[in-house]
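Single-structure report; data block below.
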Amino acid sequence: MPRFMVWIGALFAGIGALFLAISAAGYLADQSHIATAKEAQGTVINLTQSRGSNGPTFAPVVEWRDAKGRRHVLYSNTGSNPPAFARGEKVRVLYDPADPNKAKVDSFGQRFTLILIFAGLGLVFSLIGGPILYLFLRRKRVIARLKHSGERIEAKFLRCDVDRSTVVNGRSPYRVHAQGKHPKTGRLASFVSGPIWVDLTSTLAGKTIPVLVNRKRYRDHYVMLDEWVAEDETA
């Protein structure tokens, strides 16, 4: 797998993990808040309008009084379109008795909209980056296992093709193709190297290439190009 794909996978997985962490922290904060919160009845006195990418959204402004009769006004930062509330509507308010300014309208949308947005984004980014990282780490484990206990065979060099399915900064890497007798089946098998930035056609023409294979897992193999390819020439 090309390195740039690994970087993209790591970036997306990291963003996904961050969003999921924000979502989890928001949920825990909500649960902690309602565990000690007191209830009060409020009235929607206005709807504030905000501009969003999909049009305007409307968030409630709620007037309510705490247990001591003190008046408070709650300006919600969670809006929707169409509006979830109407002026004059009675709503339940949950507030921190030690700090009445920490209050929220007790509705699913007001409590969980942002939490669900971050959870959804985190899931999407994780589902994109996670499989890429998984495949990369799995391939690393396979190569490490082959280097430790794989069986070495000599495969005949066939060609060095451009891998046009991968493009990095306008360039596509090469892959070496070789053919040799698989020790498990005794039949000719094809082997393909990882992506490299150097064309080895003239270098390997007429030569054999060492390949590490797994006798138990037919498809697991590693084309050893270390003799001809430097570390910075691998894609």
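Labels used: A, B, ... for chains in the order of the structure tokens, numbers from 1 for residues in each chain, and numbers from 1 for ligands as shown.
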Subject >> All helix (DSSP H, G or I) residues (DSSP, backbone) inside range 14-229 of chain A, as a ChimeraX atom specification >> reply: /A:14-36,108-149,201-204
Original post:
Quick one: residues within 9 Å of range 217-234 of chain A, only C-alpha atoms counted, chain neighbours fewer than 4 positions away excluded, as a PyMOL selection string?
Top reply: chain A and resi 2-3+142-143+146-147+150+155+173+176-178+182+184-185+191-198+200+203-204+209-213
Range 9-97 of chain A residues near range 121-138 of chain A within 12 Å, closest pair each, using only C-alpha atoms, as a Markdown table:
| residue | atom | partner | partner_atom | distance |
| --- | --- | --- | --- | --- |
| A:Gly9 | CA | A:Gly129 | CA | 3.9 |
| A:Ala10 | CA | A:Gly129 | CA | 6.1 |
| A:Leu11 | CA | A:Gly129 | CA | 7.1 |
| A:Phe12 | CA | A:Gly129 | CA | 4.7 |
| A:Ala13 | CA | A:Gly129 | CA | 4.4 |
| A:Gly14 | CA | A:Ser126 | CA | 7.8 |
| A:Ile15 | CA | A:Phe125 | CA | 6.6 |
| A:Gly16 | CA | A:Gly122 | CA | 3.9 |
| A:Ala17 | CA | A:Gly122 | CA | 6.2 |
| A:Leu18 | CA | A:Gly122 | CA | 7.1 |
| A:Phe19 | CA | A:Gly122 | CA | 4.6 |
| A:Leu20 | CA | A:Gly122 | CA | 4.9 |
| A:Ala21 | CA | A:Gly122 | CA | 8.4 |
| A:Ile22 | CA | A:Gly122 | CA | 9.0 |
| A:Ser23 | CA | A:Gly122 | CA | 8.3 |
| A:Ala24 | CA | A:Gly122 | CA | 10.6 |
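Nearest residue to Gly26 in chain A, choosing from A:Leu47, A:Thr57, A:Arg111, A:Val105 and counting only C-alpha atoms: A:Arg111.
Here CA of Tyr75 in chain A and CA of Val93 in chain A stand 11.9 Å from one another.
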**OP:** Could you give me the residues within range 58-115 of chain A that DSSP places in strand (DSSP E or B), as a ChimeraX atom specification?
**Re:** /A:58-65,71-75,80,90-96,99-105
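Nearest to Glu39 in chain A of all the residues A:Tyr174, A:Phe85, A:Phe58, A:Trp64 is A:Trp64, based on only C-alpha atoms.
The smallest atom-to-atom distance between Tyr95 in chain A and any of A:Ile34, A:Val62, A:Ala205, A:Ile115, using only C-alpha atoms, is found for A:Ile34.
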**OP:** Could you check which of A:Ile117, A:Lys216, A:Ser107, A:Asp199 is closest to Ser172 in chain A, using only C-alpha atoms?
**Re:** A:Asp199
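Shell of Gln41 in chain A at 12 Å, with only C-alpha atoms counted and residues fewer than 4 places along the chain excluded, is Val62, Glu63, Trp64, Arg65, Asp66, Ala67, Gly69, Arg71, His72, Val73, Leu74, Glu89, Lys90, Val91, Arg92, Val93, Leu94, Tyr95, Ala103, Lys104, Val105 and Asp106 of chain A.
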